[in-house]
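Okay, entry.cif is below, mmCIF, C-alpha atoms and all ligand atoms:
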```cif
data_protein
#
loop_
_atom_site.label_atom_id
_atom_site.label_comp_id
_atom_site.auth_asym_id
_atom_site.auth_seq_id
_atom_site.Cartn_x
_atom_site.Cartn_y
_atom_site.Cartn_z
CA MET A 1 -25.36 -11.03 -2.65
CA ALA A 2 -22.36 -8.75 -2.81
CA LEU A 3 -23.12 -5.06 -3.10
CA SER A 4 -21.63 -2.86 -5.80
CA GLY A 5 -19.43 0.14 -4.97
CA ILE A 6 -22.30 2.54 -5.77
CA GLN A 7 -24.71 0.63 -3.53
CA ILE A 8 -22.18 0.75 -0.69
CA TYR A 9 -21.54 4.46 -1.33
CA LYS A 10 -25.21 5.22 -0.76
CA MET A 11 -24.91 3.78 2.76
CA LEU A 12 -21.81 5.79 3.70
CA PRO A 13 -21.97 9.28 5.32
CA GLN A 14 -20.84 10.96 2.05
CA THR A 15 -18.95 13.70 3.89
CA ASN A 16 -15.58 12.97 2.24
CA CYS A 17 -13.83 13.58 5.56
CA LYS A 18 -10.82 11.44 4.45
CA GLU A 19 -10.36 9.75 7.87
CA CYS A 20 -10.45 6.34 6.22
CA GLY A 21 -7.36 7.27 4.23
CA PHE A 22 -9.24 7.82 0.95
CA PRO A 23 -10.04 11.22 -0.57
CA THR A 24 -13.75 10.49 -0.98
CA CYS A 25 -16.44 8.19 0.35
CA LEU A 26 -16.88 6.87 -3.20
CA ALA A 27 -13.23 5.82 -3.39
CA PHE A 28 -13.59 4.03 -0.05
CA ALA A 29 -16.82 2.36 -1.23
CA MET A 30 -15.08 1.02 -4.35
CA LYS A 31 -12.27 -0.43 -2.25
CA LEU A 32 -14.80 -1.96 0.15
CA ALA A 33 -16.66 -3.57 -2.74
CA ALA A 34 -13.34 -5.03 -3.92
CA LYS A 35 -12.74 -6.30 -0.35
CA GLN A 36 -9.45 -4.42 -0.15
CA VAL A 37 -10.35 -2.45 3.01
CA GLU A 38 -12.31 -3.08 6.19
CA LEU A 39 -15.63 -1.42 6.97
CA ASP A 40 -14.26 -0.43 10.40
CA ASP A 41 -11.83 1.94 8.65
CA CYS A 42 -14.73 4.42 8.41
CA PRO A 43 -15.66 5.48 11.96
CA TYR A 44 -18.92 7.15 10.90
CA VAL A 45 -20.98 4.31 9.42
CA THR A 46 -24.36 4.05 11.17
CA GLU A 47 -25.38 0.84 12.92
CA GLU A 48 -28.19 0.41 10.41
CA SER A 49 -25.81 0.69 7.46
CA LYS A 50 -23.33 -1.63 9.21
CA GLN A 51 -25.95 -4.32 9.36
CA GLN A 52 -26.86 -3.89 5.72
CA LEU A 53 -23.22 -3.92 4.73
CA ALA A 54 -22.35 -6.94 6.85
CA GLU A 55 -22.97 -9.46 4.09
CA SER A 56 -20.93 -7.50 1.59
CA ALA A 57 -18.09 -6.97 4.05
CA ALA A 58 -18.06 -10.54 5.39
CA PRO A 59 -15.29 -12.72 4.03
CA PRO A 60 -16.73 -14.94 1.30
CA ILE A 61 -15.11 -18.07 2.75
CA ARG A 62 -16.28 -19.06 6.21
CA LEU A 63 -13.74 -19.23 9.03
CA ILE A 64 -13.52 -22.77 10.42
CA THR A 65 -11.63 -23.55 13.61
CA LEU A 66 -10.61 -26.98 14.90
CA LYS A 67 -9.66 -27.12 18.58
CA ALA A 68 -7.95 -29.62 20.84
CA ARG A 69 -5.98 -29.61 24.08
CA ASP A 70 -2.71 -28.14 22.82
CA HIS A 71 -3.56 -26.28 19.64
CA GLU A 72 -6.23 -24.78 17.46
CA VAL A 73 -6.13 -24.25 13.74
CA ALA A 74 -8.31 -21.71 11.92
CA VAL A 75 -8.73 -21.73 8.14
CA GLY A 76 -10.84 -19.76 5.68
CA ASN A 77 -11.69 -16.04 5.75
CA GLU A 78 -9.81 -15.60 2.48
CA VAL A 79 -10.80 -12.70 0.24
CA VAL A 80 -8.58 -12.90 -2.85
CA LEU A 81 -7.61 -15.29 -5.61
CA PHE A 82 -4.00 -14.11 -5.82
CA ARG A 83 -1.93 -13.17 -2.80
CA HIS A 84 -0.53 -10.01 -4.44
CA GLU A 85 -4.09 -8.58 -4.57
CA LYS A 86 -4.01 -8.32 -0.77
CA LYS A 87 -2.71 -11.38 1.09
CA PHE A 88 -3.81 -14.84 2.17
CA PHE A 89 -4.91 -14.72 5.80
CA ASN A 90 -5.04 -18.16 7.40
CA ARG A 91 -2.35 -20.74 6.75
CA PRO A 92 -3.76 -24.11 5.71
CA GLY A 93 -3.59 -26.70 8.45
CA VAL A 94 -1.08 -29.41 7.54
CA LEU A 95 -2.32 -32.76 8.87
CA ILE A 96 -0.97 -36.31 8.90
CA ARG A 97 -3.29 -39.21 8.11
CA VAL A 98 -3.38 -42.42 10.16
CA VAL A 99 -5.70 -45.35 9.53
CA ASP A 100 -7.43 -47.41 12.20
CA THR A 101 -6.31 -50.72 10.66
CA ALA A 102 -2.70 -49.99 11.63
CA GLU A 103 -1.24 -51.49 14.82
CA GLU A 104 -1.92 -49.29 17.83
CA ALA A 105 1.81 -49.06 18.55
CA ALA A 106 2.48 -47.91 14.99
CA ILE A 107 -0.20 -45.21 15.28
CA THR A 108 1.26 -44.04 18.57
CA GLU A 109 4.79 -43.92 17.19
CA LYS A 110 3.80 -41.98 14.05
CA VAL A 111 1.58 -39.52 15.92
CA ALA A 112 4.06 -38.86 18.72
CA ALA A 113 6.87 -38.17 16.23
CA ALA A 114 4.73 -35.91 14.05
CA SER A 115 3.33 -34.08 17.05
CA ALA A 116 6.81 -33.35 18.41
CA TYR A 117 8.18 -32.23 15.04
CA SER A 118 9.38 -28.64 15.12
CA VAL A 119 11.79 -26.71 12.95
CA ASP A 120 13.23 -23.22 13.32
CA TYR A 121 12.89 -21.21 10.10
CA VAL A 122 14.18 -17.61 10.23
CA GLY A 123 13.00 -17.35 13.82
CA LEU A 124 9.63 -19.01 13.20
CA ASP A 125 8.70 -22.26 14.88
CA LEU A 126 7.17 -24.41 12.13
CA ARG A 127 4.97 -27.31 13.24
CA LEU A 128 2.23 -29.61 12.05
CA ASP A 129 -1.38 -28.89 12.97
CA GLY A 130 -3.00 -32.25 13.63
CA PHE A 131 -4.15 -35.59 12.29
CA VAL A 132 -6.77 -37.22 10.14
CA ILE A 133 -7.93 -40.52 11.60
CA GLU A 134 -9.46 -42.64 8.85
CA ALA A 135 -11.80 -45.54 9.56
CA ALA A 136 -10.48 -48.05 7.04
CA SER A 137 -11.84 -50.85 9.27
CA GLY A 138 -15.44 -49.69 9.18
CA ASP A 139 -15.66 -50.89 12.80
CA PRO A 140 -16.75 -48.35 15.45
CA ALA A 141 -14.77 -50.07 18.23
CA ALA A 142 -11.55 -50.21 16.18
CA PHE A 143 -12.02 -46.58 15.22
CA ALA A 144 -12.56 -45.49 18.83
CA THR A 145 -9.36 -47.35 19.81
CA ALA A 146 -7.40 -45.56 17.09
CA VAL A 147 -8.80 -42.17 18.13
CA GLY A 148 -7.83 -42.97 21.72
CA ALA A 149 -4.30 -43.89 20.62
CA VAL A 150 -3.94 -40.59 18.76
CA ARG A 151 -5.27 -38.60 21.66
CA ALA A 152 -2.97 -40.38 24.13
CA SER A 153 0.09 -39.38 22.09
CA SER A 154 -0.82 -35.87 20.94
CA GLY A 155 -2.89 -32.85 21.95
CA LEU A 156 -3.29 -31.59 18.36
CA PRO A 157 -6.69 -31.25 16.60
CA VAL A 158 -8.10 -34.12 14.56
CA VAL A 159 -10.35 -34.91 11.63
CA LEU A 160 -12.51 -38.04 11.98
CA LYS A 161 -12.92 -39.63 8.54
CA SER A 162 -15.62 -42.16 7.72
CA ASP A 163 -18.85 -42.16 5.77
CA ASP A 164 -20.53 -44.27 8.46
CA PRO A 165 -22.26 -42.11 11.10
CA ALA A 166 -22.00 -44.90 13.70
CA VAL A 167 -18.22 -44.97 13.28
CA ILE A 168 -17.95 -41.19 13.52
CA GLU A 169 -20.11 -41.20 16.64
CA ALA A 170 -17.80 -43.75 18.29
CA GLY A 171 -14.77 -41.55 17.58
CA LEU A 172 -16.51 -38.40 18.69
CA LYS A 173 -17.23 -39.88 22.10
CA VAL A 174 -13.49 -40.21 22.72
CA LEU A 175 -12.94 -36.48 22.07
CA GLU A 176 -15.24 -34.91 24.60
CA GLY A 177 -14.89 -31.13 24.78
CA GLU A 178 -12.95 -30.87 21.51
CA LYS A 179 -13.85 -29.41 18.13
CA PRO A 180 -12.77 -31.98 15.53
CA LEU A 181 -13.90 -32.00 11.91
CA LEU A 182 -16.31 -34.79 10.99
CA LEU A 183 -15.59 -36.04 7.46
CA GLY A 184 -17.74 -36.74 5.81
CA ALA A 185 -21.22 -36.13 4.70
CA ASN A 186 -22.28 -37.41 1.29
CA SER A 187 -25.53 -37.73 -0.61
CA GLY A 188 -26.40 -40.93 1.28
CA ASN A 189 -25.64 -40.01 4.89
CA TRP A 190 -25.83 -36.23 5.17
CA GLU A 191 -28.82 -36.09 7.51
CA ALA A 192 -27.26 -38.38 10.13
CA MET A 193 -23.90 -36.63 9.76
CA ALA A 194 -25.52 -33.22 10.18
CA ASP A 195 -27.19 -34.48 13.37
CA LEU A 196 -23.81 -35.56 14.75
CA ALA A 197 -22.25 -32.20 13.87
CA LYS A 198 -25.09 -30.37 15.60
CA GLN A 199 -24.87 -32.55 18.71
CA GLY A 200 -21.10 -32.17 18.95
CA GLU A 201 -21.14 -28.52 17.79
CA THR A 202 -18.40 -29.44 15.34
CA ALA A 203 -17.63 -28.58 11.74
CA LEU A 204 -18.80 -31.04 9.10
CA GLY A 205 -16.81 -32.12 6.06
CA VAL A 206 -18.87 -32.48 2.90
CA MET A 207 -17.72 -34.84 0.14
CA GLY A 208 -18.54 -34.59 -3.55
CA GLY A 209 -17.07 -35.40 -6.94
CA THR A 210 -18.53 -32.32 -8.65
CA LEU A 211 -19.20 -28.71 -7.74
CA GLU A 212 -22.92 -29.25 -8.24
CA GLU A 213 -22.95 -32.16 -5.80
CA LEU A 214 -21.04 -30.18 -3.17
CA ALA A 215 -23.25 -27.09 -3.53
CA GLU A 216 -26.45 -29.11 -3.34
CA LEU A 217 -25.27 -30.87 -0.17
CA THR A 218 -24.09 -27.74 1.65
CA GLU A 219 -27.43 -26.03 1.01
CA LYS A 220 -29.35 -28.98 2.41
CA ILE A 221 -27.03 -29.29 5.41
CA GLN A 222 -27.12 -25.57 6.13
CA ALA A 223 -30.91 -25.73 6.17
CA THR A 224 -30.64 -28.17 9.12
CA GLY A 225 -28.75 -25.54 11.12
CA VAL A 226 -25.13 -26.61 10.53
CA GLU A 227 -23.14 -23.49 9.60
CA ASP A 228 -19.53 -24.71 9.82
CA MET A 229 -18.55 -26.86 6.85
CA VAL A 230 -15.42 -27.89 4.97
CA LEU A 231 -15.56 -29.04 1.35
CA TYR A 232 -13.82 -32.23 0.26
CA PRO A 233 -13.69 -32.30 -3.54
CA THR A 234 -12.91 -35.95 -4.09
CA ALA A 235 -11.16 -35.70 -7.46
CA SER A 236 -7.78 -37.34 -6.86
CA ALA A 237 -5.97 -36.72 -10.16
CA MET A 238 -3.76 -33.67 -9.94
CA GLY A 239 -5.35 -31.74 -12.81
CA ALA A 240 -8.93 -32.45 -11.75
CA SER A 241 -8.18 -31.60 -8.12
CA LEU A 242 -6.48 -28.33 -9.10
CA ALA A 243 -9.44 -27.39 -11.31
CA MET A 244 -11.99 -28.08 -8.57
CA GLN A 245 -10.06 -26.22 -5.86
CA THR A 246 -9.65 -23.22 -8.17
CA GLN A 247 -13.30 -23.18 -9.26
CA ILE A 248 -14.46 -23.39 -5.65
CA ARG A 249 -12.28 -20.39 -4.73
CA ARG A 250 -13.44 -18.39 -7.76
CA LEU A 251 -17.11 -19.05 -7.08
CA ALA A 252 -16.76 -18.39 -3.36
CA LEU A 253 -15.15 -15.02 -4.11
CA LYS A 254 -18.14 -14.19 -6.28
CA ASN A 255 -20.18 -14.74 -3.10
CA PHE A 256 -21.69 -18.03 -4.24
CA ARG A 257 -22.47 -19.03 -0.65
CA PRO A 258 -23.00 -22.80 -1.15
CA LEU A 259 -19.27 -23.06 -1.92
CA GLY A 260 -18.14 -20.38 0.55
CA TYR A 261 -16.23 -22.79 2.79
CA PRO A 262 -12.59 -23.83 3.12
CA THR A 263 -11.56 -27.08 1.45
CA ILE A 264 -9.55 -30.13 2.42
CA ALA A 265 -7.13 -31.91 0.08
CA PHE A 266 -5.57 -35.35 0.49
CA ALA A 267 -2.12 -35.43 -1.11
CA GLY A 268 -1.97 -39.19 -0.53
CA ASP A 269 -5.15 -39.84 -2.51
CA GLY A 270 -3.22 -39.73 -5.76
CA GLY A 271 -1.95 -43.21 -4.89
CA ASN A 272 1.66 -42.30 -5.53
CA PRO A 273 3.76 -41.61 -2.40
CA ALA A 274 6.59 -40.21 -4.52
CA ARG A 275 4.32 -37.40 -5.70
CA GLU A 276 2.86 -36.64 -2.30
CA SER A 277 4.93 -33.50 -1.71
CA THR A 278 4.07 -32.20 -5.20
CA LEU A 279 0.36 -32.69 -4.57
CA ALA A 280 0.66 -31.09 -1.13
CA ALA A 281 2.50 -28.12 -2.67
CA HIS A 282 -0.18 -27.53 -5.23
CA ALA A 283 -2.88 -27.84 -2.57
CA ILE A 284 -1.11 -25.17 -0.49
CA CYS A 285 -0.81 -22.81 -3.44
CA LYS A 286 -4.32 -23.51 -4.84
CA TYR A 287 -6.30 -23.21 -2.38
CA ALA A 288 -6.81 -25.88 0.27
CA GLY A 289 -7.72 -24.96 3.85
CA PHE A 290 -6.40 -28.30 5.12
CA VAL A 291 -3.66 -30.32 3.44
CA VAL A 292 -3.35 -33.96 4.44
CA VAL A 293 -0.25 -36.08 3.84
CA ASP A 294 0.14 -39.78 4.58
CA THR A 295 3.89 -39.91 5.00
CA PHE A 296 5.50 -38.36 8.03
CA ALA A 297 9.16 -37.73 7.21
CA PRO A 298 11.03 -34.51 8.06
CA GLU A 299 12.45 -34.26 4.52
CA LEU A 300 8.87 -34.26 3.16
CA ILE A 301 7.29 -32.07 5.81
CA TYR A 302 9.96 -29.34 5.96
CA PRO A 303 9.53 -28.03 2.39
CA ILE A 304 5.75 -28.19 2.74
CA LEU A 305 5.81 -26.06 5.90
CA VAL A 306 8.33 -23.61 4.43
CA LEU A 307 6.26 -23.25 1.26
CA ARG A 308 3.16 -22.61 3.35
CA GLU A 309 5.01 -19.94 5.32
CA ASN A 310 6.12 -18.18 2.17
CA ILE A 311 2.74 -18.30 0.45
CA TYR A 312 0.89 -17.08 3.52
CA THR A 313 3.10 -14.13 4.49
CA ASP A 314 1.93 -10.69 3.45
CA PRO A 315 3.74 -9.96 0.17
CA GLN A 316 3.82 -6.28 1.09
CA LYS A 317 5.44 -6.87 4.49
CA PRO A 318 8.82 -8.57 4.70
CA ILE A 319 9.36 -10.98 7.60
CA GLN A 320 10.95 -8.91 10.32
CA VAL A 321 12.68 -9.27 13.66
CA LEU A 322 12.30 -6.73 16.43
CA PRO A 323 14.76 -3.83 16.36
CA ALA A 324 16.94 -4.36 19.45
CA VAL A 325 20.42 -5.26 20.63
CA TYR A 326 20.90 -9.03 20.37
CA GLU A 327 23.61 -10.73 22.42
CA ILE A 328 25.58 -13.33 20.51
CA ASN A 329 27.65 -15.87 22.41
CA ASP A 330 27.43 -14.01 25.72
CA PRO A 331 29.28 -10.80 24.70
CA LYS A 332 31.54 -8.88 27.10
CA PRO A 333 31.96 -5.09 27.49
CA GLY A 334 35.04 -5.23 25.27
CA ASP A 335 33.25 -6.85 22.32
CA PRO A 336 32.27 -4.96 19.16
CA VAL A 337 28.84 -3.79 18.06
CA LEU A 338 27.82 -5.12 14.64
CA VAL A 339 25.04 -3.28 12.85
CA THR A 340 22.39 -4.65 10.54
CA THR A 341 18.71 -4.18 9.64
CA ASN A 342 15.58 -5.94 10.86
CA PHE A 343 14.87 -7.97 7.70
CA SER A 344 14.67 -11.50 9.09
CA ILE A 345 16.89 -13.13 6.52
CA THR A 346 19.54 -10.43 6.91
CA TYR A 347 19.42 -10.74 10.69
CA PHE A 348 19.69 -14.54 10.67
CA SER A 349 22.48 -14.50 8.08
CA VAL A 350 24.59 -12.27 10.32
CA ALA A 351 23.58 -13.84 13.64
CA ASN A 352 24.12 -17.41 12.42
CA GLU A 353 27.57 -16.68 10.98
CA VAL A 354 28.80 -15.04 14.18
CA GLU A 355 27.15 -17.57 16.47
CA GLY A 356 28.56 -20.48 14.46
CA SER A 357 32.08 -19.05 14.69
CA GLY A 358 31.99 -19.05 18.50
CA LEU A 359 32.96 -15.36 18.57
CA SER A 360 30.95 -12.97 20.71
CA ALA A 361 29.42 -9.65 19.68
CA TRP A 362 26.56 -7.23 20.26
CA LEU A 363 24.28 -7.18 17.23
CA LEU A 364 22.46 -3.87 16.85
CA VAL A 365 19.36 -4.33 14.68
CA THR A 366 17.84 -1.08 13.43
CA ASP A 367 14.27 -0.50 12.32
CA ALA A 368 14.52 -0.48 8.51
CA GLU A 369 10.89 -1.51 7.97
CA GLY A 370 12.00 -5.06 7.27
CA MET A 371 14.28 -4.20 4.35
CA SER A 372 17.68 -5.73 3.70
CA VAL A 373 20.76 -3.53 4.17
CA LEU A 374 21.24 -2.35 0.59
CA THR A 375 17.51 -1.86 -0.08
CA ALA A 376 17.08 0.05 3.17
CA TRP A 377 20.12 2.22 2.46
CA ALA A 378 18.82 3.02 -1.05
CA ALA A 379 15.38 3.83 0.38
CA GLY A 380 16.82 6.12 3.07
CA LYS A 381 15.76 3.75 5.88
CA PHE A 382 19.29 2.81 6.96
CA ASP A 383 21.53 5.82 7.39
CA ALA A 384 23.89 7.35 9.94
CA GLU A 385 21.05 9.13 11.69
CA SER A 386 18.91 5.99 12.14
CA ILE A 387 21.92 3.95 13.33
CA ALA A 388 22.91 6.63 15.86
CA LYS A 389 19.29 6.84 16.99
CA ALA A 390 19.23 3.07 17.60
CA VAL A 391 22.52 3.22 19.52
CA LYS A 392 21.01 5.81 21.86
CA GLU A 393 17.55 4.23 22.07
CA PHE A 394 18.85 0.82 23.14
CA GLY A 395 21.49 2.22 25.54
CA ILE A 396 24.20 -0.03 24.16
CA ALA A 397 27.01 2.39 25.13
CA ASP A 398 26.31 1.76 28.82
CA LYS A 399 27.21 -1.92 28.43
CA LEU A 400 30.60 -1.31 26.80
CA GLU A 401 34.16 -0.43 27.73
CA LYS A 402 35.27 -0.04 24.10
CA HIS A 403 32.93 1.80 21.73
CA VAL A 404 33.59 0.03 18.43
CA ILE A 405 30.76 -0.13 15.89
CA VAL A 406 30.97 -2.09 12.62
CA LEU A 407 28.97 -1.06 9.55
CA PRO A 408 27.98 -3.57 6.84
CA GLY A 409 30.56 -3.34 4.02
CA HIS A 410 27.95 -2.32 1.44
CA THR A 411 27.31 0.89 3.39
CA ALA A 412 30.91 2.03 3.83
CA VAL A 413 29.80 5.39 2.50
CA LEU A 414 28.00 6.02 5.81
CA SER A 415 31.15 5.85 7.95
CA GLY A 416 31.99 9.58 7.84
CA GLU A 417 28.49 10.65 8.73
CA LEU A 418 28.28 8.05 11.48
CA GLU A 419 31.52 9.37 13.04
CA GLU A 420 29.87 12.79 13.17
CA GLU A 421 26.71 11.34 14.71
CA LEU A 422 28.68 9.22 17.24
CA PRO A 423 31.85 11.20 18.06
CA ASP A 424 32.77 8.92 20.99
CA TRP A 425 32.75 5.79 18.84
CA GLU A 426 35.31 4.16 16.58
CA VAL A 427 33.48 3.40 13.33
CA LYS A 428 34.74 0.47 11.28
CA VAL A 429 33.59 -0.95 7.96
CA GLY A 430 32.95 -4.69 7.96
CA PRO A 431 32.83 -7.13 5.06
CA ARG A 432 30.12 -7.03 2.41
CA GLU A 433 28.92 -10.58 3.04
CA ALA A 434 27.87 -12.09 6.36
CA VAL A 435 29.88 -15.22 5.61
CA ASP A 436 33.09 -13.15 5.84
CA LEU A 437 32.29 -11.71 9.28
CA PRO A 438 34.09 -14.33 11.41
CA GLY A 439 37.32 -13.90 9.45
CA TYR A 440 37.01 -10.11 9.66
CA MET A 441 36.39 -10.24 13.41
CA LYS A 442 39.41 -12.49 13.97
CA THR A 443 41.81 -10.45 11.86
CA VAL A 444 40.65 -6.84 12.11
CA LEU A 445 38.88 -6.58 15.47
CA THR A 446 41.31 -8.47 17.71
S1 LIG A 501 -14.06 7.97 6.77
FE1 LIG A 501 -16.12 7.44 6.12
S2 LIG A 501 -17.14 9.41 5.90
FE2 LIG A 501 -14.97 9.85 5.90
S3 LIG A 501 -14.34 9.77 3.72
FE3 LIG A 501 -14.02 7.74 4.53
S4 LIG A 501 -15.89 6.69 4.04
FE4 LIG A 501 -16.36 8.85 3.87
#
```
Could you render the structure as structure tokens?
Amino acid sequence: MALSGIQIYKMLPQTNCKECGFPTCLAFAMKLAAKQVELDDCPYVTEESKQQLAESAAPPIRLITLKARDHEVAVGNEVVLFRHEKKFFNRPGVLIRVVDTAEEAAITEKVAAASAYSVDYVGLDLRLDGFVIEAASGDPAAFATAVGAVRASSGLPVVLKSDDPAVIEAGLKVLEGEKPLLLGANSGNWEAMADLAKQGETALGVMGGTLEELAELTEKIQATGVEDMVLYPTASAMGASLAMQTQIRRLALKNFRPLGYPTIAFAGDGGNPARESTLAAHAICKYAGFVVVDTFAPELIYPILVLRENIYTDPQKPIQVLPAVYEINDPKPGDPVLVTTNFSITYFSVANEVEGSGLSAWLLVTDAEGMSVLTAWAAGKFDAESIAKAVKEFGIADKLEKHVIVLPGHTAVLSGELEEELPDWEVKVGPREAVDLPGYMKTVLT
């Protein structure tokens, strides 16, 4: 059971040394009880207390990892209901389902295309995480053939889906050395499925139409020694699925251990391909650990992956690029230096406009803690001093014949101060919007 703040406080040193960043041990204990800090933040907890606190400090949703040749995907370890309370930690794995009744060539084609799919999104490489192979045939040999076809065309992790232990066993044999998910155990087969999971040292998916059914099964399976489980609430209607996923998360966060596992959601189970992306979106937001779609099409997958990226970034930390000098279109010593901040979207807006125009430039990206230009300027994180510091730190002057530096138009007010900070430079004020940069460079800088 979770410990209260007072119970945790009694196990802390009670010296109020403040090294954890809180003024008192009691304040730290309250935050620890709310799972908003880590126990390691206090360097003085005794080993004995650490052990006692382990259950309270452990994430209420078990971390489950699927592994294959080219990739591994870890889900779970979540500690909050809403991302603004802290953040969501592990992105849900997005998987594509194939069925073993399809032609082998069709499986190969779908899997190879999905496995190779990659899209650049503000400097991030977005990809799919693996496949669910479903035994629609009920035939172990056909299932093993389908698993072999998937493995021959992709090195991504897989979920083996059947309620027949003999079928799962046949698929498992094809995946020697891997950590797939076996899906799934139900009230009729759980003992045989648990045996397979133990033999293969794999995670086991547990299926149930109600919370009671799921909790009862996980307790029985855990008693056999299987620790790694994934819950498959089988409600397929959108409202019922949303309710079950939310209740599982709520109960898990209250440390109800029988439901303290990540979940899997099948967006295709609604029986309506047109609504697949909607169902996948709601599964990403609320609160699936794995999201399975049947249709592989870039126009369906792209928004799902982008949504996942946005939901699973830390809301308190903007996506950033590294402060540095970036070379655009192979710049020469006579080219100008454009300045911007390290907020990813700001960086890519500027870089993409200049790169797309074919013009060359040095792009100086300052450390503004991931804020956009105007926000950083208002917060005192983007000023003449920080720009001059970046110029010196990255040694950009040594690469240039002409020392021309261009400020973003919104910060024209900095030009005088920057001239004082960089007396050997010609300071110019660029346009307010990135889209106007190519025109500005052609007319003003040449
Ligand atoms: S670091 Fe530990 S001992 Fe010091 S105030 Fe924080 S909880 Fe108390």
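Nearest residue to ligand LIG 501 (chain A), choosing from A:Thr375, A:Met11, A:Cys42, A:Ala235 and counting all atoms listed in the file: A:Cys42.
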* **Nearby residues, ligand LIG 501 (chain A), 10 Å, all atoms listed in the file, as a list in words** => Ile8, Tyr9, Met11, Leu12, Pro13, Gln14, Thr15, Asn16, Cys17, Lys18, Glu19, Cys20, Gly21, Phe22, Pro23, Thr24, Cys25, Leu26, Ala27, Phe28, Ala29, Leu32, Leu39, Asp40, Asp41, Cys42, Pro43, Tyr44 and Val45 of chain A
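Counting from atom CA of A:Phe343, the distance to atom CA of A:Ser372 is 5.4 Å.
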* Work out how far atom CA of A:Gly130 is from atom CA of A:Val94, in Å to one decimal. => 7.0 Å
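Going from atom CA of A:Gln320 over to atom CA of A:Gly409, you cover 21.3 Å.
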Using all atoms listed in the file, find each residue in stretch 5-71 of chain A having at least one atom no more than 12 Å away from stretch 281-290 of chain A; report its shortest atom-to-atom pair and that distance in Å (one decimal), rows by chain then rising number, as JSON lines.
```
{"residue": "A:Ile61", "atom": "CA", "partner": "A:Gly289", "partner_atom": "CA", "distance": 10.2}
{"residue": "A:Arg62", "atom": "CA", "partner": "A:Gly289", "partner_atom": "CA", "distance": 10.7}
{"residue": "A:Leu63", "atom": "CA", "partner": "A:Gly289", "partner_atom": "CA", "distance": 9.8}
{"residue": "A:Ile64", "atom": "CA", "partner": "A:Gly289", "partner_atom": "CA", "distance": 9.0}
{"residue": "A:Thr65", "atom": "CA", "partner": "A:Gly289", "partner_atom": "CA", "distance": 10.6}
{"residue": "A:Leu66", "atom": "CA", "partner": "A:Phe290", "partner_atom": "CA", "distance": 10.7}
```
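Nearest-residue note for A:Pro323: choosing from A:Gly395, A:Pro157, A:Gly370, A:Gly439, the minimum distance belongs to A:Gly370, counting only C-alpha atoms.
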* Write out as a VMD selection string each polymer residue whose atoms come within 10 Å of A:Trp190, counting all atoms listed in the file; drop sequence neighbours fewer than 2 positions from it. => chain A and resid 163 165 184 to 188 192 to 196 204 to 207 217 to 218 220 to 221
* Structure fact -> Using all atoms listed in the file, the best pick from A:Gly380, A:Gly239, A:Pro331, A:Pro59 as closest to A:Val75 would be A:Pro59
